[in-house]
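Text of work12.txt, listed as compact mmCIF, C-alpha atoms and all ligand atoms:
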```txt
# COMPACT_ATOMS: atom_id res chain seq x y z
CA MET E 1 0.00 0.00 0.00
CA GLN E 2 1.31 3.42 -0.98
CA GLY E 3 1.61 6.23 1.53
CA LEU E 4 -1.19 8.68 2.01
CA ALA E 5 -0.65 12.10 0.43
CA ILE E 6 -3.87 13.76 1.55
CA ARG E 7 -6.58 12.98 4.06
CA LEU E 8 -9.64 15.20 4.46
CA THR E 9 -11.90 14.50 7.41
CA GLY E 10 -15.32 16.08 7.94
CA LEU E 11 -14.26 19.10 5.91
CA ARG E 12 -16.78 21.96 5.81
CA LYS E 13 -16.78 25.57 4.67
CA SER E 14 -19.63 28.04 5.05
CA TYR E 15 -19.79 31.57 3.70
CA GLY E 16 -22.61 33.15 5.67
CA ARG E 17 -25.57 30.94 4.89
CA THR E 18 -23.93 29.28 1.85
CA GLU E 19 -22.51 25.84 2.60
CA ALA E 20 -19.83 25.74 -0.08
CA VAL E 21 -18.45 22.45 1.30
CA ALA E 22 -20.87 20.40 3.33
CA GLY E 23 -18.79 17.55 4.78
CA VAL E 24 -16.06 15.96 2.67
CA ASP E 25 -14.08 12.85 3.63
CA LEU E 26 -11.38 11.80 1.22
CA GLU E 27 -8.05 9.97 1.03
CA ILE E 28 -5.61 10.44 -1.84
CA ALA E 29 -2.56 8.18 -2.17
CA ASP E 30 0.99 9.25 -3.00
CA GLY E 31 1.51 9.50 -6.74
CA GLU E 32 -2.16 9.43 -7.70
CA PHE E 33 -3.63 11.50 -10.49
CA PHE E 34 -6.81 12.41 -8.66
CA SER E 35 -9.60 14.51 -10.14
CA MET E 36 -12.36 16.45 -8.46
CA LEU E 37 -15.18 16.56 -10.98
CA GLY E 38 -18.45 18.44 -10.64
CA PRO E 39 -20.61 21.23 -12.01
CA SER E 40 -19.86 24.88 -11.34
CA GLY E 41 -20.57 25.80 -7.72
CA SER E 42 -20.27 22.26 -6.34
CA GLY E 43 -17.39 23.17 -3.98
CA LYS E 44 -14.32 21.89 -5.85
CA THR E 45 -12.29 25.09 -5.72
CA THR E 46 -13.14 25.64 -2.08
CA VAL E 47 -11.83 22.15 -1.20
CA LEU E 48 -8.66 22.81 -3.17
CA ARG E 49 -8.14 26.15 -1.42
CA MET E 50 -8.52 24.48 1.96
CA ILE E 51 -5.90 21.87 1.01
CA ALA E 52 -3.57 24.67 -0.10
CA GLY E 53 -4.21 26.67 3.06
CA PHE E 54 -5.80 29.72 1.43
CA GLU E 55 -9.11 29.17 3.27
CA PRO E 56 -9.52 28.00 6.86
CA PRO E 57 -12.18 25.27 7.12
CA THR E 58 -15.32 25.95 9.12
CA ALA E 59 -14.93 22.39 10.46
CA GLY E 60 -12.81 19.32 9.82
CA THR E 61 -9.13 18.62 9.21
CA VAL E 62 -6.60 18.53 6.37
CA GLU E 63 -3.68 16.12 6.67
CA LEU E 64 -0.74 16.06 4.28
CA ALA E 65 1.52 13.00 4.42
CA GLY E 66 0.08 12.08 7.80
CA ARG E 67 0.58 15.51 9.36
CA ASP E 68 -2.34 17.72 10.45
CA VAL E 69 -1.78 21.00 8.58
CA THR E 70 -5.26 22.48 9.13
CA ARG E 71 -3.87 25.47 10.97
CA LEU E 72 -0.67 25.96 8.97
CA ALA E 73 -0.09 28.77 6.47
CA PRO E 74 0.16 27.93 2.73
CA PHE E 75 3.98 28.27 2.65
CA GLU E 76 4.27 25.75 5.49
CA ARG E 77 2.55 23.07 3.36
CA ASP E 78 4.38 20.95 0.82
CA VAL E 79 1.92 21.74 -1.98
CA HIS E 80 1.86 24.04 -5.00
CA THR E 81 -1.23 25.43 -6.73
CA VAL E 82 -1.53 26.02 -10.47
CA PHE E 83 -4.32 28.51 -11.11
CA GLN E 84 -6.57 28.78 -14.13
CA ASP E 85 -5.17 32.20 -15.12
CA TYR E 86 -1.51 31.05 -14.74
CA ALA E 87 -0.65 34.22 -12.71
CA LEU E 88 2.76 34.77 -14.33
CA PHE E 89 4.74 37.95 -13.62
CA PRO E 90 4.54 39.89 -16.91
CA HIS E 91 7.73 41.93 -16.40
CA MET E 92 9.93 38.89 -15.71
CA THR E 93 11.40 36.50 -18.25
CA ILE E 94 10.14 32.93 -18.37
CA GLU E 95 13.27 31.69 -16.61
CA GLN E 96 12.86 34.30 -13.87
CA ASN E 97 9.22 33.38 -13.46
CA VAL E 98 10.11 29.73 -13.03
CA ALA E 99 13.05 30.43 -10.69
CA TYR E 100 11.21 32.98 -8.57
CA SER E 101 10.07 30.65 -5.78
CA LEU E 102 13.65 29.35 -5.44
CA LYS E 103 14.97 32.89 -5.07
CA VAL E 104 12.51 33.53 -2.27
CA ARG E 105 13.80 30.38 -0.58
CA GLY E 106 17.41 31.50 -0.86
CA VAL E 107 18.63 28.98 -3.45
CA THR E 108 21.85 30.22 -5.11
CA ARG E 109 21.69 31.91 -8.47
CA ALA E 110 23.60 29.15 -10.24
CA GLU E 111 21.40 26.41 -8.89
CA ARG E 112 18.26 28.42 -9.64
CA LEU E 113 19.23 28.62 -13.28
CA VAL E 114 20.01 24.91 -13.55
CA ARG E 115 16.74 23.92 -11.94
CA ALA E 116 14.66 26.43 -13.91
CA ARG E 117 16.12 25.14 -17.18
CA ALA E 118 15.51 21.53 -16.15
CA ALA E 119 11.89 22.34 -15.30
CA LEU E 120 11.41 24.15 -18.62
CA ALA E 121 12.86 21.13 -20.43
CA GLN E 122 10.38 18.87 -18.59
CA VAL E 123 7.48 20.84 -20.07
CA ARG E 124 9.22 21.03 -23.48
CA LEU E 125 9.93 24.75 -23.41
CA ASP E 126 13.73 24.56 -23.67
CA GLY E 127 15.18 27.62 -25.33
CA LEU E 128 12.30 29.97 -24.53
CA GLY E 129 13.59 31.00 -21.10
CA ARG E 130 14.58 34.50 -22.16
CA ARG E 131 11.15 35.47 -23.46
CA ARG E 132 8.46 37.25 -21.52
CA PRO E 133 4.98 35.78 -20.90
CA ALA E 134 3.35 38.11 -23.47
CA GLU E 135 5.57 36.56 -26.17
CA LEU E 136 4.16 33.05 -25.59
CA SER E 137 0.94 31.35 -26.68
CA GLY E 138 -1.72 30.32 -24.18
CA GLY E 139 -0.57 26.71 -24.21
CA GLN E 140 3.05 27.75 -23.66
CA ARG E 141 2.06 30.00 -20.77
CA GLN E 142 0.25 27.07 -19.22
CA ARG E 143 3.45 25.05 -19.46
CA VAL E 144 5.41 27.82 -17.79
CA ALA E 145 2.94 27.71 -14.91
CA LEU E 146 3.59 23.96 -14.69
CA ALA E 147 7.36 24.39 -14.81
CA ARG E 148 7.10 26.95 -12.03
CA ALA E 149 5.14 24.43 -9.99
CA LEU E 150 7.59 21.58 -10.62
CA VAL E 151 10.76 23.55 -9.92
CA GLY E 152 10.05 23.58 -6.18
CA ARG E 153 9.55 19.79 -6.19
CA PRO E 154 6.37 19.86 -4.12
CA ARG E 155 4.89 16.64 -2.86
CA VAL E 156 1.44 17.58 -4.12
CA LEU E 157 0.37 19.67 -7.08
CA LEU E 158 -3.09 21.26 -6.97
CA LEU E 159 -4.49 22.24 -10.36
CA ASP E 160 -7.71 24.26 -10.62
CA GLU E 161 -9.18 23.88 -14.13
CA PRO E 162 -5.71 24.53 -15.60
CA LEU E 163 -6.79 23.79 -19.17
CA GLY E 164 -10.05 25.74 -19.02
CA ALA E 165 -8.79 28.68 -21.08
CA LEU E 166 -7.42 26.59 -23.97
CA ASP E 167 -9.29 25.67 -27.14
CA LEU E 168 -10.41 22.06 -27.62
CA LYS E 169 -7.50 20.76 -29.76
CA LEU E 170 -4.87 22.24 -27.50
CA ARG E 171 -6.72 21.09 -24.42
CA GLU E 172 -6.74 17.49 -25.67
CA GLN E 173 -3.04 17.68 -26.42
CA MET E 174 -2.27 19.15 -22.99
CA GLN E 175 -4.35 16.42 -21.33
CA VAL E 176 -2.07 13.79 -22.80
CA GLU E 177 1.08 15.75 -21.93
CA LEU E 178 -0.01 16.54 -18.41
CA LYS E 179 -0.78 12.90 -17.71
CA ALA E 180 2.62 11.83 -19.11
CA LEU E 181 4.35 14.51 -17.06
CA GLN E 182 2.64 13.37 -13.89
CA ARG E 183 3.73 9.78 -14.52
CA GLU E 184 7.28 10.96 -15.12
CA VAL E 185 7.65 13.16 -12.03
CA GLY E 186 5.55 10.92 -9.76
CA ILE E 187 4.06 13.86 -7.85
CA THR E 188 0.48 13.56 -6.54
CA PHE E 189 -1.81 15.64 -8.76
CA VAL E 190 -5.17 16.90 -7.55
CA PHE E 191 -6.92 18.12 -10.65
CA VAL E 192 -10.16 20.12 -10.60
CA THR E 193 -12.39 20.06 -13.67
CA HIS E 194 -16.05 20.36 -14.65
CA ASP E 195 -15.35 18.37 -17.83
CA GLN E 196 -16.30 14.71 -17.39
CA GLU E 197 -14.40 13.56 -20.45
CA GLU E 198 -11.23 15.23 -19.20
CA ALA E 199 -11.62 13.56 -15.80
CA LEU E 200 -12.31 10.13 -17.34
CA THR E 201 -9.30 10.22 -19.66
CA MET E 202 -6.70 11.55 -17.23
CA SER E 203 -7.42 10.26 -13.76
CA ASP E 204 -6.44 7.26 -11.67
CA ARG E 205 -9.43 8.09 -9.49
CA ILE E 206 -12.22 10.64 -9.49
CA ALA E 207 -14.42 12.22 -6.81
CA VAL E 208 -17.71 13.48 -8.25
CA PHE E 209 -18.89 16.61 -6.42
CA HIS E 210 -22.53 17.58 -6.04
CA GLN E 211 -23.73 20.45 -3.85
CA GLY E 212 -20.68 20.58 -1.61
CA ARG E 213 -20.48 16.84 -1.07
CA ILE E 214 -18.83 13.90 -2.79
CA ALA E 215 -21.49 11.83 -4.56
CA GLN E 216 -19.03 9.07 -5.54
CA THR E 217 -15.32 8.26 -5.47
CA GLY E 218 -13.84 5.63 -7.77
CA THR E 219 -11.81 4.78 -10.84
CA PRO E 220 -13.06 6.20 -14.15
CA ALA E 221 -14.54 2.81 -15.06
CA GLU E 222 -16.30 2.47 -11.71
CA ILE E 223 -17.78 5.96 -11.98
CA TYR E 224 -18.87 5.44 -15.56
CA GLU E 225 -20.12 1.87 -15.34
CA ARG E 226 -21.45 1.82 -11.77
CA PRO E 227 -22.77 5.31 -11.04
CA ALA E 228 -23.71 5.50 -7.36
CA THR E 229 -26.49 8.07 -7.72
CA PRO E 230 -28.80 9.32 -10.48
CA PHE E 231 -26.81 12.59 -10.39
CA VAL E 232 -23.54 10.78 -11.20
CA ALA E 233 -25.24 8.74 -13.92
CA GLY E 234 -26.46 11.96 -15.53
CA PHE E 235 -23.37 14.09 -15.05
CA VAL E 236 -20.83 11.51 -16.24
CA GLY E 237 -21.69 10.32 -19.72
CA THR E 238 -25.05 10.56 -21.43
CA SER E 239 -27.95 10.21 -19.06
CA ASN E 240 -29.89 7.07 -19.93
CA LEU E 241 -32.08 6.21 -17.01
CA LEU E 242 -35.12 3.99 -16.75
CA SER E 243 -37.26 4.28 -13.65
CA GLY E 244 -40.79 3.66 -12.38
CA ASP E 245 -43.11 1.81 -14.75
CA ALA E 246 -40.56 1.83 -17.58
CA ALA E 247 -38.00 0.07 -15.38
CA ARG E 248 -40.55 -2.46 -14.19
CA ARG E 249 -41.63 -3.21 -17.74
CA VAL E 250 -38.24 -3.17 -19.49
CA VAL E 251 -35.85 -4.40 -16.79
CA GLY E 252 -38.48 -6.41 -14.95
CA ALA E 253 -37.78 -4.91 -11.54
CA PRO E 254 -38.47 -1.68 -9.65
CA GLY E 255 -35.77 0.97 -9.20
CA THR E 256 -33.72 3.29 -11.36
CA TYR E 257 -31.44 1.75 -13.99
CA SER E 258 -28.67 3.22 -16.11
CA ILE E 259 -27.82 1.71 -19.49
CA ARG E 260 -24.95 3.40 -21.33
CA PRO E 261 -25.91 4.29 -24.94
CA GLU E 262 -22.98 2.41 -26.48
CA LYS E 263 -24.09 -0.82 -24.76
CA ILE E 264 -27.40 -0.78 -26.60
CA ARG E 265 -27.64 -2.43 -30.00
CA ILE E 266 -30.26 -1.01 -32.32
CA THR E 267 -31.87 -3.33 -34.87
CA THR E 268 -34.18 -2.44 -37.69
CA GLU E 269 -35.05 -5.96 -38.83
CA GLY E 270 -36.77 -8.70 -36.90
CA LYS E 271 -37.17 -9.01 -33.21
CA PRO E 272 -34.37 -8.60 -30.64
CA THR E 273 -32.87 -11.90 -29.56
CA ALA E 274 -34.72 -13.64 -26.76
CA GLY E 275 -33.02 -13.74 -23.39
CA ALA E 276 -31.22 -10.44 -23.74
CA GLY E 277 -32.31 -7.12 -22.24
CA ARG E 278 -34.60 -5.61 -24.82
CA ALA E 279 -37.24 -3.08 -25.73
CA VAL E 280 -39.16 -1.97 -28.78
CA GLY E 281 -39.93 1.60 -29.72
CA THR E 282 -40.03 4.39 -32.27
CA VAL E 283 -37.07 6.53 -33.30
CA ALA E 284 -37.81 10.10 -32.16
CA GLU E 285 -34.50 11.71 -33.17
CA VAL E 286 -31.43 10.78 -35.20
CA VAL E 287 -28.31 12.80 -34.39
CA TYR E 288 -25.41 12.42 -36.80
CA LEU E 289 -22.09 12.79 -34.90
CA GLY E 290 -19.64 12.05 -37.72
CA ASP E 291 -17.98 8.92 -36.34
CA ALA E 292 -21.21 7.65 -34.79
CA THR E 293 -24.95 8.26 -34.72
CA ARG E 294 -27.15 8.80 -31.69
CA PHE E 295 -30.72 7.50 -31.74
CA LEU E 296 -33.34 8.71 -29.28
CA VAL E 297 -35.94 6.01 -29.04
CA ASP E 298 -39.37 6.40 -27.40
CA LEU E 299 -40.22 3.02 -25.92
CA ASP E 300 -43.63 1.44 -26.36
CA GLY E 301 -45.52 2.08 -23.14
CA GLY E 302 -43.30 4.97 -21.98
CA GLY E 303 -39.68 5.85 -21.26
CA ARG E 304 -36.92 6.91 -23.65
CA LEU E 305 -33.49 5.39 -24.32
CA THR E 306 -30.54 6.75 -26.26
CA ALA E 307 -28.49 4.30 -28.31
CA VAL E 308 -25.22 5.04 -30.09
CA ARG E 309 -24.01 3.22 -33.16
CA GLN E 310 -20.65 3.56 -34.92
CA ASN E 311 -21.01 4.71 -38.52
CA LEU E 312 -19.48 1.70 -40.26
CA THR E 313 -21.34 1.69 -43.55
CA ASP E 314 -24.48 3.81 -43.30
CA SER E 315 -24.60 7.24 -44.94
CA SER E 316 -26.10 10.17 -43.07
CA ALA E 317 -29.07 10.10 -45.47
CA ASP E 318 -29.75 6.41 -44.66
CA LEU E 319 -29.61 7.22 -40.99
CA ALA E 320 -31.88 10.27 -41.18
CA ALA E 321 -34.49 8.10 -42.89
CA LEU E 322 -34.77 6.04 -39.71
CA ARG E 323 -36.60 8.85 -37.89
CA GLY E 324 -40.12 7.72 -37.10
CA THR E 325 -39.42 4.04 -37.81
CA ARG E 326 -39.90 1.12 -35.42
CA VAL E 327 -36.75 -0.40 -33.98
CA GLY E 328 -35.67 -3.01 -31.51
CA LEU E 329 -33.12 -2.31 -28.78
CA GLN E 330 -31.08 -4.95 -27.04
CA TRP E 331 -28.32 -5.12 -24.48
CA ASP E 332 -26.56 -7.55 -22.22
CA PRO E 333 -28.62 -7.54 -19.00
CA ARG E 334 -25.42 -6.95 -17.01
CA HIS E 335 -25.30 -3.47 -18.52
CA ALA E 336 -28.61 -2.41 -16.99
CA VAL E 337 -27.08 -1.15 -13.76
CA LEU E 338 -29.19 -0.43 -10.69
CA VAL E 339 -28.53 3.14 -9.54
CA PRO E 340 -29.22 3.67 -5.82
CA ASP E 341 -31.42 6.70 -5.13
CA ALA E 342 -29.64 9.68 -3.60
CA PRO E 343 -29.72 9.53 0.21
P1 LIG T 401 -16.66 25.12 -7.91
O1 LIG T 401 -15.18 25.32 -7.86
O2 LIG T 401 -17.06 23.69 -7.86
O3 LIG T 401 -17.29 25.84 -9.05
P2 LIG T 401 -16.69 26.78 -5.52
O4 LIG T 401 -15.92 26.01 -4.52
O5 LIG T 401 -15.98 27.89 -6.19
O6 LIG T 401 -17.31 25.77 -6.58
O7 LIG T 401 -18.00 27.39 -4.85
C1 LIG T 401 -18.91 26.63 -4.10
C2 LIG T 401 -20.00 27.54 -3.56
O8 LIG T 401 -19.46 28.44 -2.60
C3 LIG T 401 -20.66 28.42 -4.61
O9 LIG T 401 -22.02 28.52 -4.30
C4 LIG T 401 -19.96 29.73 -4.45
O10 LIG T 401 -20.78 30.80 -4.86
C5 LIG T 401 -19.68 29.78 -2.97
N1 LIG T 401 -18.45 30.54 -2.64
C6 LIG T 401 -17.19 30.22 -2.99
N2 LIG T 401 -16.30 31.10 -2.52
C7 LIG T 401 -17.02 32.05 -1.85
C8 LIG T 401 -16.69 33.26 -1.13
N3 LIG T 401 -15.40 33.65 -1.01
N4 LIG T 401 -17.69 33.94 -0.59
C9 LIG T 401 -18.98 33.53 -0.70
N5 LIG T 401 -19.36 32.43 -1.36
C10 LIG T 401 -18.40 31.70 -1.92
MG MG T 402 -13.95 26.31 -9.30
```

What does the file become when written as structure tokens?
Ligand code: ADP
Ligand code: MG
Amino acid sequence: MQGLAIRLTGLRKSYGRTEAVAGVDLEIADGEFFSMLGPSGSGKTTVLRMIAGFEPPTAGTVELAGRDVTRLAPFERDVHTVFQDYALFPHMTIEQNVAYSLKVRGVTRAERLVRARAALAQVRLDGLGRRRPAELSGGQRQRVALARALVGRPRVLLLDEPLGALDLKLREQMQVELKALQREVGITFVFVTHDQEEALTMSDRIAVFHQGRIAQTGTPAEIYERPATPFVAGFVGTSNLLSGDAARRVVGAPGTYSIRPEKIRITTEGKPTAGAGRAVGTVAEVVYLGDATRFLVDLDGGGRLTAVRQNLTDSSADLAALRGTRVGLQWDPRHAVLVPDAP
């Protein structure tokens, strides 16, 4: 078992009558890439700021590497925060920006330069050390912020939506690079994002935040395939829930069930195979996605399911013609997952 990097116990934060964080318990292991995922206002940033020491908790404790740091100042904690807006000093060169924290700590000039250059090489910015922030692109500035974080060799790196300001292509590229960098340096990353795809692709584990609490903690596959609440099922991936009468009729049992769209096979000829999970209905919408097509199917007797099919041979015209037609849906019964109701 790895050591524990972070332990949060009964963590709460109120601003007047707003409960920004309403009781969070969490353990993050050394070297994990851990994401806090949730909609805007769910308390992610506030938790991160309490770990960093920028906000005192209303209740609860923060431990770093087994030590209670709840009452310690930010500089007394072995963590570094990368903010969304990078917060680089505009009048300093890139090298000076990266070396700044070392200067404050009294590291010699020669060593500062060596370490700043090494950190810039780690984020693939070698040779740009003499420029100023305004002379770099957004993606490069983000890398400078990372180099500045790495140069102090913190035990934990806290990242608050660090890719939020980048366009989609660059963001996807940075996701891959950031993950590789984390593997290489072995530092614990706590990564805040509202983007479920980003969290699923990058993380070892994810905590899904909802209204100041953690709705579920688990690996990406656990979160996606076994959502613990209807909120998680809807927020992570496409919501595809059957409940009430529809669940009783289609699944054959009461409760709320999640079936991921890509697990559902859509057939236009004949009846779905006996024995499998199945339903019959009418195609209400056909959404062409390029690589795949999404079908919204209104089930006979109520309820709606979304199915996704890869576009192997069909043209978009063929697919559009399916609107209004009768189809069969089938899935492996294991993929109709019971979702516990929120407590
Ligand atoms: P997230 O990062 O998930 O978007 P935040 O942690 O920033 O969420 O905010 C959680 C809740 O706390 C929100 O309702 C927000 O308005 C409130 N909040 C955050 N910081 C403050 C503050 N300094 N003063 C008052 N309310 C705040
Ligand atoms: Mg935030």

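Distances from E:Val208, E:Met92, E:Leu64, E:Ala336 to Gly43 of chain E were compared using all atoms listed in the file, and the smallest one belongs to E:Val208.
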
Original post:
Near Ala65 of chain E, counting all atoms listed in the file, which residues have an atom at most 7 Å away, once you skip same-chain residues fewer than 6 positions from it, shown as a PyMOL selection string?
Top reply: chain E and resi 4-6

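From atom CA of Phe231 of chain E back to atom CA of Arg309 of chain E, the distance works out to 24.8 Å.
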
Original post:
Can you tell me which residues sit at most 9 Å away from ligand LIG 401 (chain T), counting all atoms listed in the file, written as JSON, numbers by chain?
Top reply: {"E": [13, 14, 15, 16, 17, 18, 19, 20, 21, 36, 37, 38, 39, 40, 41, 42, 43, 44, 45, 46, 47, 48, 49, 55, 160, 161, 192, 193, 194, 209, 210, 211, 212]}

**OP:** May I have the residues at most 9 Å from (-30.1, 10.3, -30.5) in the file's coordinates, counting all atoms listed in the file, as a PyMOL selection string?
**Re:** chain E and resi 283-288+293-297+305-308

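Compared by their closest atoms to Ala147 of chain E, and using only C-alpha atoms, the residues E:Ala134, E:Ala99, E:Leu72, E:Val107 rank with E:Ala99 nearest.
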
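Candidate residues E:Gly255, E:Pro162, E:Pro90, E:Gly303 were compared for distance to ligand MG 402 (chain T), and the nearest is E:Pro162, using all atoms listed in the file.
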
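Proximity ranking of E:Glu172, E:Glu76, E:Glu63, E:Asp195 relative to ligand MG 402 (chain T) places E:Asp195 first, based on all atoms listed in the file.
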
Original post:
Within 12 Å of (-7.6, 13.4, -10.5), all atoms listed in the file: residues as a PyMOL selection string?
Top reply: chain E and resi 28-29+31-38+44+48+156-161+175+178-179+182+187-196+198-208+217-220

**OP:** Calculate how many Å separate atom CA of Ser258 of chain E from atom CA of Asn240 of chain E, rounding to one decimal.
**Re:** 5.6 Å

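Closest to Gly129 of chain E among E:Glu95, E:Asp314, E:Arg248, E:Arg105 is E:Glu95, based on only C-alpha atoms.
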
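Our summary of the geometry notes that atom CA of Gln122 of chain E is positioned 19.8 Å from atom CA of Glu135 of chain E.
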
Just segment 164-182 of chain E from the block, N, CA and C atoms, as a CSV table (one decimal), in the first residue's frame, could you?
```
chain,number,residue,atom,x,y,z
E,164,GLY,N,-8.8,25.1,-18.7
E,164,GLY,CA,-10.0,25.7,-19.0
E,164,GLY,C,-10.0,26.8,-20.1
E,165,ALA,N,-8.9,27.5,-20.2
E,165,ALA,CA,-8.8,28.7,-21.1
E,165,ALA,C,-8.3,28.3,-22.5
E,166,LEU,N,-8.0,27.0,-22.7
E,166,LEU,CA,-7.4,26.6,-24.0
E,166,LEU,C,-8.5,26.1,-24.9
E,167,ASP,N,-8.3,26.2,-26.2
E,167,ASP,CA,-9.3,25.7,-27.1
E,167,ASP,C,-9.2,24.1,-27.2
E,168,LEU,N,-10.2,23.5,-27.8
E,168,LEU,CA,-10.4,22.1,-27.6
E,168,LEU,C,-9.2,21.2,-28.1
E,169,LYS,N,-8.7,21.5,-29.2
E,169,LYS,CA,-7.5,20.8,-29.8
E,169,LYS,C,-6.3,20.8,-28.8
E,170,LEU,N,-6.0,22.0,-28.4
E,170,LEU,CA,-4.9,22.2,-27.5
E,170,LEU,C,-5.1,21.6,-26.1
E,171,ARG,N,-6.4,21.7,-25.7
E,171,ARG,CA,-6.7,21.1,-24.4
E,171,ARG,C,-6.5,19.6,-24.5
E,172,GLU,N,-6.9,18.9,-25.5
E,172,GLU,CA,-6.7,17.5,-25.7
E,172,GLU,C,-5.3,17.1,-25.7
E,173,GLN,N,-4.5,17.9,-26.4
E,173,GLN,CA,-3.0,17.7,-26.4
E,173,GLN,C,-2.4,17.8,-25.0
E,174,MET,N,-2.8,18.9,-24.3
E,174,MET,CA,-2.3,19.1,-23.0
E,174,MET,C,-2.7,18.1,-22.0
E,175,GLN,N,-3.9,17.5,-22.2
E,175,GLN,CA,-4.3,16.4,-21.3
E,175,GLN,C,-3.4,15.3,-21.4
E,176,VAL,N,-3.0,14.9,-22.6
E,176,VAL,CA,-2.1,13.8,-22.8
E,176,VAL,C,-0.7,14.1,-22.2
E,177,GLU,N,-0.2,15.3,-22.4
E,177,GLU,CA,1.1,15.8,-21.9
E,177,GLU,C,1.1,15.8,-20.4
E,178,LEU,N,0.1,16.4,-19.9
E,178,LEU,CA,0.0,16.5,-18.4
E,178,LEU,C,0.0,15.2,-17.7
E,179,LYS,N,-0.7,14.3,-18.3
E,179,LYS,CA,-0.8,12.9,-17.7
E,179,LYS,C,0.6,12.2,-17.8
E,180,ALA,N,1.3,12.4,-18.9
E,180,ALA,CA,2.6,11.8,-19.1
E,180,ALA,C,3.6,12.5,-18.1
E,181,LEU,N,3.5,13.8,-18.0
E,181,LEU,CA,4.3,14.5,-17.1
E,181,LEU,C,4.2,14.0,-15.6
E,182,GLN,N,2.9,13.8,-15.3
E,182,GLN,CA,2.6,13.4,-13.9
E,182,GLN,C,3.2,12.0,-13.6
```
